[in-house]
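All remarks here apply to the structure that follows.
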Amino acid sequence: MNDIFEKVVKRMGPLGQYADDAHGYYTFPKLTGPIGPRMVFNGKPRLNWSLNNYLGLANHPEVIKADADAAAQFGMAYPMGARMMSGNSDYHEQLENDLASFIGKPEVILLNYGYQGVVSAIDCLVDRHDIIVYDAESHACILDGMRLHIGKRFMYQHNNMESLEKQLGHATKLAEKTGGGILVITEGVFGMSGSQGKLKEIIELKKKFNFRFFVDDAHGFGTMGKTGAGTGEEQNCMDGIDLYFSTFAKSMAGIGAFIGSKPEIIKFLRYNMRSQIYAKSLPMPMVIGAIKRLELIRTRPELKENLWKVVNALQNGLREAGFNIGLTTTPVTPVVLSGSPAEASQIAYDMRETYNIFCSIVMYPVVPKGVIILRLIPTAVHSLEDVAETIAAFKEVRHKLDNGLYGTEVVSARSM
Ligand SMILES: Cc1ncc(COP(=O)(O)O)c(C=O)c1O
């Protein structure tokens, strides 16, 4: 017999095992000052490429005012209770209607959080007879939704249509036996690599197979498509997406999420999603603030135009300088380097302390051993000077890495 506490503190988990060396610097860093491209980290202003504030709405004066006015009028408590019981309001319904007309779906259900919304939507859509077919690089919320699924699931290789077709073949045979249906799940934009899900090609497969299609477009909403309505709009295939999900955590710079679909499906979700029925409704400032953010996305195309000016300058500049930025076709910009975990920590430290550049660093066990990814998230409020400064720093860092100037010692947060 084991004691739960003794067991967990011995293991600490895949990320927790690095906590002592990482805490407060690489993990759980504190960025202070107004949200934007320059924020204070470890006592000094740094050029910040780590926030999904794609359109710069987090610190937009009209957004701040809308949030503050709503908080002054309603506080953070109203409405109390779950929406089904006592927590509904005209504003919640207005936001759903505004979102539906923006994304071009007949109806939308508002969700309290993206992560638990996806988990719960998957949980309530499928039963033990149904089969889920999903992309291997799906976000944790999709994987965790599947952990609640007691029926079968098949994983296809990331963005590999041959593999998807094969898995759909297995799923179809099985569904014929169980009498269930098939739900295919992918992301619109993959948040680590920046590649787009092959939505159009997946929808093409509906001609051969019978399935429903769920897309998590957390990074695509606001950034992709002519009007910013997301990756479905970008690939001109929104009609083939049966359930379109996005969160407010990124372009909308808020809290909350939503799913768009047919009226009868949204009605089913409203009456069956346990995360919404058994949890308090979003507070009014979140809802009124989201209405304002959506209005700005709809009416200020310059926000997305600025974003893409910065994206193009950054990605073209990095490519021209010979950096490997993978297959990104979206704002997410991974810079892929090779090196040991010690070198990864030295690079992150050097970037922050010598060049005053703050970006996320991704290394083993999140990516294979020997791979280091510095992930840059450009936003509408970055400047072309920020881009030039960053590319110059990356060139120097690469020079040091190529010449073995980064040592073999992990730079520990304990030494700071
Ligand atoms: C692809 C994806 N789906 C879902 C979520 C979860 O959304 P939320 O932060 O609203 O819980 C995220 C991260 O925010 C995400 O990147």
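Following the order of the structure tokens, first chain is A, next is B, and so on, with residues numbered from 1 inside each chain and ligands from 1 in the order they appear.
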Pick out the residues no farther than 9 Å from ligand 1, counting only C-alpha atoms and all ligand atoms, and list them as a PyMOL selection string.
chain A and resi 52+111-118+138-142+187-192+216-219+245-250+254-257
Could those selected residues go to a file with C-alpha atoms, as a PDB file, in the first residue's frame?
ATOM      1  CA  ASN A  52      -1.487  35.136 -27.491  1.00  0.00           C
ATOM      2  CA  LEU A 111     -18.866  28.368 -22.558  1.00  0.00           C
ATOM      3  CA  ASN A 112     -17.226  29.378 -19.299  1.00  0.00           C
ATOM      4  CA  TYR A 113     -13.735  28.202 -20.263  1.00  0.00           C
ATOM      5  CA  GLY A 114     -12.275  26.700 -23.397  1.00  0.00           C
ATOM      6  CA  TYR A 115     -10.519  23.751 -21.835  1.00  0.00           C
ATOM      7  CA  GLN A 116     -13.427  22.464 -19.790  1.00  0.00           C
ATOM      8  CA  GLY A 117     -15.823  23.363 -22.618  1.00  0.00           C
ATOM      9  CA  VAL A 118     -14.055  21.080 -25.091  1.00  0.00           C
ATOM     10  CA  SER A 138      -4.355  17.569 -30.540  1.00  0.00           C
ATOM     11  CA  HIS A 139      -4.440  19.953 -27.570  1.00  0.00           C
ATOM     12  CA  ALA A 140      -4.709  18.534 -24.049  1.00  0.00           C
ATOM     13  CA  CYS A 141      -8.381  19.521 -23.785  1.00  0.00           C
ATOM     14  CA  ILE A 142      -9.226  17.256 -26.745  1.00  0.00           C
ATOM     15  CA  GLU A 187      -7.426  21.950 -34.527  1.00  0.00           C
ATOM     16  CA  GLY A 188      -7.751  24.857 -36.955  1.00  0.00           C
ATOM     17  CA  VAL A 189      -4.265  26.114 -36.075  1.00  0.00           C
ATOM     18  CA  PHE A 190      -1.834  23.966 -34.108  1.00  0.00           C
ATOM     19  CA  GLY A 191      -0.501  26.146 -31.326  1.00  0.00           C
ATOM     20  CA  MET A 192       3.055  24.779 -31.227  1.00  0.00           C
ATOM     21  CA  ASP A 216     -10.862  23.608 -32.104  1.00  0.00           C
ATOM     22  CA  ASP A 217      -9.840  26.954 -33.628  1.00  0.00           C
ATOM     23  CA  ALA A 218      -8.356  28.569 -30.525  1.00  0.00           C
ATOM     24  CA  HIS A 219      -5.480  30.167 -32.455  1.00  0.00           C
ATOM     25  CA  PHE A 245     -15.074  25.878 -31.232  1.00  0.00           C
ATOM     26  CA  SER A 246     -12.906  28.777 -30.141  1.00  0.00           C
ATOM     27  CA  THR A 247     -11.777  30.324 -26.879  1.00  0.00           C
ATOM     28  CA  PHE A 248     -11.654  33.967 -25.772  1.00  0.00           C
ATOM     29  CA  ALA A 249      -8.207  33.311 -24.263  1.00  0.00           C
ATOM     30  CA  LYS A 250      -6.263  34.380 -27.360  1.00  0.00           C
ATOM     31  CA  GLY A 254     -10.493  37.459 -22.228  1.00  0.00           C
ATOM     32  CA  ILE A 255     -12.013  34.430 -20.561  1.00  0.00           C
ATOM     33  CA  GLY A 256     -14.711  32.201 -22.012  1.00  0.00           C
ATOM     34  CA  ALA A 257     -15.254  30.231 -25.183  1.00  0.00           C
TER      35      ALA A 257
END
Env of segment 76-81 of chain A: 6 Å cut, atoms = only C-alpha atoms, seq-sep filter 6 positions within chain, self excluded. Answer as a list in words.
Gly87, Lys280 and Pro283 of chain A
Restricting the output to N, CA and C atoms, write the selected residues as a PDB file, in the first residue's frame.
ATOM      1  N   GLY A  87     -28.591  31.925 -14.085  1.00  0.00           N
ATOM      2  CA  GLY A  87     -27.463  32.771 -14.498  1.00  0.00           C
ATOM      3  C   GLY A  87     -27.519  33.251 -15.936  1.00  0.00           C
ATOM      4  N   LYS A 280     -21.108  27.876 -12.597  1.00  0.00           N
ATOM      5  CA  LYS A 280     -21.650  29.247 -12.617  1.00  0.00           C
ATOM      6  C   LYS A 280     -21.416  29.901 -13.981  1.00  0.00           C
ATOM      7  N   PRO A 283     -19.311  35.851 -15.496  1.00  0.00           N
ATOM      8  CA  PRO A 283     -19.710  37.147 -14.924  1.00  0.00           C
ATOM      9  C   PRO A 283     -19.884  38.217 -16.012  1.00  0.00           C
TER      10      PRO A 283
END
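Shortest atom-to-atom contact with Ser195 of chain A among A:Gln94, A:Thr328, A:Asn159, A:Ser101: A:Thr328, counting only C-alpha atoms.
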For Ala72 of chain A, the nearest of the candidates A:Ile288, A:Ile373, A:Lys198, A:Ile357, counting only C-alpha atoms:
A:Ile288
Backbone-only DSSP, alpha helix (DSSP H) members of segment 88-276 of chain A, as JSON, numbers by chain
{"A": [90, 91, 92, 93, 94, 95, 96, 97, 98, 99, 100, 101, 102, 103, 114, 115, 116, 117, 118, 119, 120, 121, 122, 123, 124, 125, 140, 141, 142, 143, 144, 145, 146, 147, 161, 162, 163, 164, 165, 166, 167, 168, 169, 170, 171, 172, 173, 174, 175, 176, 177, 178, 199, 200, 201, 202, 203, 204, 231, 232, 233, 234, 263, 264, 265, 266, 267, 268, 269, 270, 271, 272, 274, 275, 276]}
What's around Ser340 of chain A at 8 Å? Count only C-alpha atoms, leave out sequence neighbours fewer than 6 positions away in its own chain, and write the answer as a VMD selection string.
chain A and resid 369 to 372
Mind dumping the selected residues with C-alpha atoms as a compact mmCIF listing (two decimals), in the first residue's frame?
# COMPACT_ATOMS: atom_id res chain seq x y z
CA LYS A 369 15.37 15.01 -27.33
CA GLY A 370 17.85 17.38 -28.96
CA VAL A 371 15.17 19.72 -30.34
CA ILE A 372 14.79 23.22 -28.92
Can you list, as a PyMOL selection string, all residues belonging to segment 30-218 of chain A that DSSP tags as strand (DSSP E)?
chain A and resi 31-32+38-41+44-48+107-111+131-135+152-156+182-187+212-216
Name all residues at most 12 Å from Ile109 of chain A (count only C-alpha atoms; drop same-chain ones fewer than 4 positions away) and give them as a VMD selection string.
chain A and resid 83 88 92 to 100 105 113 to 114 117 121 243 to 247 256 to 273 276 281
A:Val332, A:Ile103, A:Ala58, A:Val387: which is nearest Glu234 of chain A, counting only C-alpha atoms?
A:Ile103
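Each of A:Arg352, A:Arg212, A:Lys292, A:His382 was compared to Leu55 of chain A using only C-alpha atoms, and A:His382 turns out to be the nearest.
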Shell of 10 Å around Met416 of chain A, only C-alpha atoms, local chain residues under 2 positions omitted, as a VMD selection string
chain A and resid 24 to 25 42 411 to 414
Applying 12 Å and only C-alpha atoms, which residues near Phe209 of chain A remain after dropping the ones on its own chain fewer than 2 positions away? List them as a ChimeraX atom specification.
/A:164-173,175-176,181-184,202-207,211-213
Limited to N, CA and C atoms, could you put the picked residues into a file as a CSV table (one decimal), in the first residue's frame?
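File written: out15.csv
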chain,number,residue,atom,x,y,z
A,164,LEU,N,-5.5,9.4,-41.8
A,164,LEU,CA,-6.9,9.6,-41.3
A,164,LEU,C,-7.8,8.7,-42.1
A,165,GLU,N,-7.6,8.6,-43.4
A,165,GLU,CA,-8.5,7.7,-44.2
A,165,GLU,C,-8.5,6.3,-43.7
A,166,LYS,N,-7.3,5.8,-43.3
A,166,LYS,CA,-7.1,4.5,-42.8
A,166,LYS,C,-7.9,4.3,-41.5
A,167,GLN,N,-7.7,5.3,-40.6
A,167,GLN,CA,-8.4,5.2,-39.3
A,167,GLN,C,-9.9,5.4,-39.5
A,168,LEU,N,-10.4,6.2,-40.5
A,168,LEU,CA,-11.8,6.3,-40.8
A,168,LEU,C,-12.4,4.9,-41.2
A,169,GLY,N,-11.5,4.2,-42.0
A,169,GLY,CA,-11.9,2.9,-42.5
A,169,GLY,C,-12.2,2.0,-41.3
A,170,HIS,N,-11.2,2.0,-40.3
A,170,HIS,CA,-11.4,1.1,-39.1
A,170,HIS,C,-12.6,1.6,-38.3
A,171,ALA,N,-12.7,2.9,-38.2
A,171,ALA,CA,-13.8,3.4,-37.4
A,171,ALA,C,-15.2,3.1,-38.0
A,172,THR,N,-15.3,3.1,-39.3
A,172,THR,CA,-16.5,2.9,-40.0
A,172,THR,C,-16.9,1.4,-39.8
A,173,LYS,N,-16.0,0.5,-39.9
A,173,LYS,CA,-16.3,-0.9,-39.7
A,173,LYS,C,-16.8,-1.2,-38.3
A,175,ALA,N,-18.1,1.1,-36.3
A,175,ALA,CA,-19.4,1.8,-36.0
A,175,ALA,C,-20.6,0.9,-36.6
A,176,GLU,N,-20.3,0.2,-37.7
A,176,GLU,CA,-21.3,-0.6,-38.3
A,176,GLU,C,-21.7,-1.7,-37.3
A,181,GLY,N,-21.8,6.4,-34.2
A,181,GLY,CA,-21.4,7.3,-35.2
A,181,GLY,C,-19.9,7.7,-35.0
A,182,ILE,N,-19.4,8.5,-35.9
A,182,ILE,CA,-18.0,8.9,-35.8
A,182,ILE,C,-17.8,10.4,-35.7
A,183,LEU,N,-17.0,10.8,-34.7
A,183,LEU,CA,-16.7,12.2,-34.6
A,183,LEU,C,-15.2,12.4,-34.9
A,184,VAL,N,-14.9,13.3,-35.9
A,184,VAL,CA,-13.5,13.6,-36.2
A,184,VAL,C,-13.1,14.9,-35.5
A,202,ILE,N,-10.2,17.3,-44.9
A,202,ILE,CA,-10.9,16.4,-44.0
A,202,ILE,C,-12.4,16.4,-44.5
A,203,ILE,N,-12.9,17.6,-44.8
A,203,ILE,CA,-14.3,17.7,-45.2
A,203,ILE,C,-14.6,16.9,-46.5
A,204,GLU,N,-13.6,17.0,-47.4
A,204,GLU,CA,-13.7,16.2,-48.6
A,204,GLU,C,-14.0,14.7,-48.3
A,205,LEU,N,-13.4,14.2,-47.2
A,205,LEU,CA,-13.5,12.8,-46.9
A,205,LEU,C,-15.0,12.4,-46.5
A,206,LYS,N,-15.8,13.5,-46.3
A,206,LYS,CA,-17.2,13.2,-46.0
A,206,LYS,C,-17.9,12.5,-47.2
A,207,LYS,N,-17.3,12.7,-48.4
A,207,LYS,CA,-17.9,12.1,-49.5
A,207,LYS,C,-17.8,10.6,-49.5
A,211,PHE,N,-19.2,11.0,-41.1
A,211,PHE,CA,-18.8,11.5,-39.8
A,211,PHE,C,-19.2,12.9,-39.5
A,212,ARG,N,-19.1,13.3,-38.3
A,212,ARG,CA,-19.3,14.7,-37.9
A,212,ARG,C,-17.9,15.3,-37.6
A,213,PHE,N,-17.7,16.6,-37.8
A,213,PHE,CA,-16.4,17.2,-37.7
A,213,PHE,C,-16.4,18.3,-36.7
Give me, as a PyMOL selection string, all polymer residues having an atom no more than 8 Å from Asp67 of chain A, counting only C-alpha atoms and skipping those fewer than 5 positions away in the same chain.
chain A and resi 285-286+288-289
Selection export as an mmCIF file, in the first residue's frame, atoms kept: C-alpha atoms:
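Result file again08.cif:
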data_model
loop_
_atom_site.group_PDB
_atom_site.id
_atom_site.type_symbol
_atom_site.label_atom_id
_atom_site.label_comp_id
_atom_site.auth_asym_id
_atom_site.auth_seq_id
_atom_site.Cartn_x
_atom_site.Cartn_y
_atom_site.Cartn_z
ATOM 1 C CA PRO A 285 -17.793 42.068 -17.253
ATOM 2 C CA MET A 286 -16.475 39.005 -19.120
ATOM 3 C CA ILE A 288 -19.911 42.682 -21.960
ATOM 4 C CA GLY A 289 -16.139 42.871 -22.460
#
Check the smallest atom-to-atom distance from each of A:Ile64, A:Val310, A:Ala380, A:Leu318 to Ala392 of chain A using only C-alpha atoms, then report the winner.
A:Leu318
Between atom CA of Leu296 of chain A and atom CA of Gly225 of chain A, measure the distance and give it in Å to one decimal.
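Between atom CA of Leu296 of chain A and atom CA of Gly225 of chain A the gap is 15.8 Å.
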Quote the spacing between atom CA of Arg298 of chain A and atom CA of Thr231 of chain A in Å to one decimal place.
15.8 Å
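Going from atom CA of Gly197 of chain A to atom CA of Asn324 of chain A covers 20.0 Å.
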